[in-house]
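> Here's a structure for you.
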Amino acid sequence: MGNNMNRIMALDFGDARIGIAMSDIMKIIANGYETYKRTSEDKDLAYIASLVKPNLVDEIVFGLPVNMDGTEGDRAIKTREFAIKLGELLQGIKISFQDERLTTVTGERMLIEAGVRREKRKGVIDKIAATIILQQYLDCKR
């Protein structure tokens, strides 16, 4: 796997859905991948894990919902717990976190400005939030 032609996957982890984004193989551009509807933790973990090999993923970035004052609440704890379990399932895959304080707000604003209707926004907001998380992470690494 040392050929460096790998991708970074980002997850916007929520109670009902997980937004998924993938970088290009140069790790410069984030692309929305899908919004996954959660069923059970075991199935969710297995599904996310199943995306790693076919997409050549070598790192997974979780958006970490930090409170505005910098503290971590219930949502952040749930995210970290899921990340730990995923890391145990996927030995050798790097797990990282990106502060995602304003990503859903930013994504929502972008969709509204693009004229996307409310019903349609609901289906894509998680994927877009994951894309923003990933793009911020990629930009920070440069």
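Identifiers for the structure tokens are assigned positionally: chains receive A, B, ... in sequence, residues are indexed from 1 per chain, and ligands are indexed from 1 in the order shown.
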Find the residues around Thr79 in chain A up to 10 Å (only C-alpha atoms counted), leave out those fewer than 3 positions away in its own chain, and share them as number ranges by chain.

A: 11-15, 62-65, 74-76, 82-84, 97

> Could you tell me, as a PyMOL selection string, which residues of chain A DSSP assigns to helix (DSSP H, G or I) when given the backbone?

chain A and resi 41-50+74-89+103-113+118-141

> Show me, as a PyMOL selection string, the residues that have an atom within 12 Å of range 99-108 of chain A when counting only C-alpha atoms, minus same-chain residues fewer than 5 positions from it.

chain A and resi 10-14+19+32+61-72+75-76+79+113-118+120-137+140

> Run DSSP on the backbone and grab whatever in chain A lands in strand (DSSP E or B); send it over as a ChimeraX atom specification.

/A:7-13,17-23,30-37,57-64,66,72,94-99

> Could you pull the residues within 9 Å of Met9 in chain A, counting only C-alpha atoms, minus those fewer than 3 positions along the same chain, as an MDAnalysis selection string?

chainID A and resid 20:23 30 52 55 57:62 130 134

> Just the residues within 8 Å of Leu56 in chain A, please, counting only C-alpha atoms, with nothing from its chain fewer than 5 positions along; format it as a PyMOL selection string.

chain A and resi 5-7

> Grab the CA of Tyr47 in chain A to CA of Gly87 in chain A distance for me, in Å with one decimal place.

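Rounded to one decimal, the two atoms are 13.6 Å apart.
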
> Calculated over only C-alpha atoms, which of the candidates A:Ala46, A:Leu90, A:Ile8, A:Ile95 has the smallest distance to Lys27 in chain A?

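When distances to Lys27 in chain A are compared using only C-alpha atoms, the smallest one comes from A:Ile8.
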
> Measuring atom to atom with only C-alpha atoms, identify which of A:Lys37, A:Leu89, A:Glu81, A:Asn4 is nearest to Ile25 in chain A.

A:Asn4

> Can you pull out the residues contacting Arg142 in chain A? Cut-off 9 Å, using only C-alpha atoms, and skip same-chain residues under 3 positions away; I want them as a list of chain:residue names.

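Listed by chain and then number, they are A:Ile28, A:Leu138, A:Asp139.
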
> Take the residues that were just selected and, keeping N, CA and C atoms, output them as a PDB file, in the first residue's frame.


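Below you can see again-v6.pdb, which holds the result:
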```pdb
ATOM      1  N   ILE A  28      -6.175  15.978  -2.590  1.00  0.00           N
ATOM      2  CA  ILE A  28      -6.303  17.434  -2.718  1.00  0.00           C
ATOM      3  C   ILE A  28      -7.768  17.856  -2.674  1.00  0.00           C
ATOM      4  N   LEU A 138      -7.991  18.347   4.379  1.00  0.00           N
ATOM      5  CA  LEU A 138      -6.997  18.315   3.292  1.00  0.00           C
ATOM      6  C   LEU A 138      -6.255  19.648   3.190  1.00  0.00           C
ATOM      7  N   ASP A 139      -6.991  20.745   3.312  1.00  0.00           N
ATOM      8  CA  ASP A 139      -6.385  22.072   3.228  1.00  0.00           C
ATOM      9  C   ASP A 139      -5.406  22.314   4.381  1.00  0.00           C
TER      10      ASP A 139
END
```

> If you measure from CA of Leu45 in chain A to CA of Lys85 in chain A, what distance in Å do you get, rounded to one decimal?

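Taking CA of Leu45 in chain A as the start and CA of Lys85 in chain A as the end point, the length is 7.7 Å.
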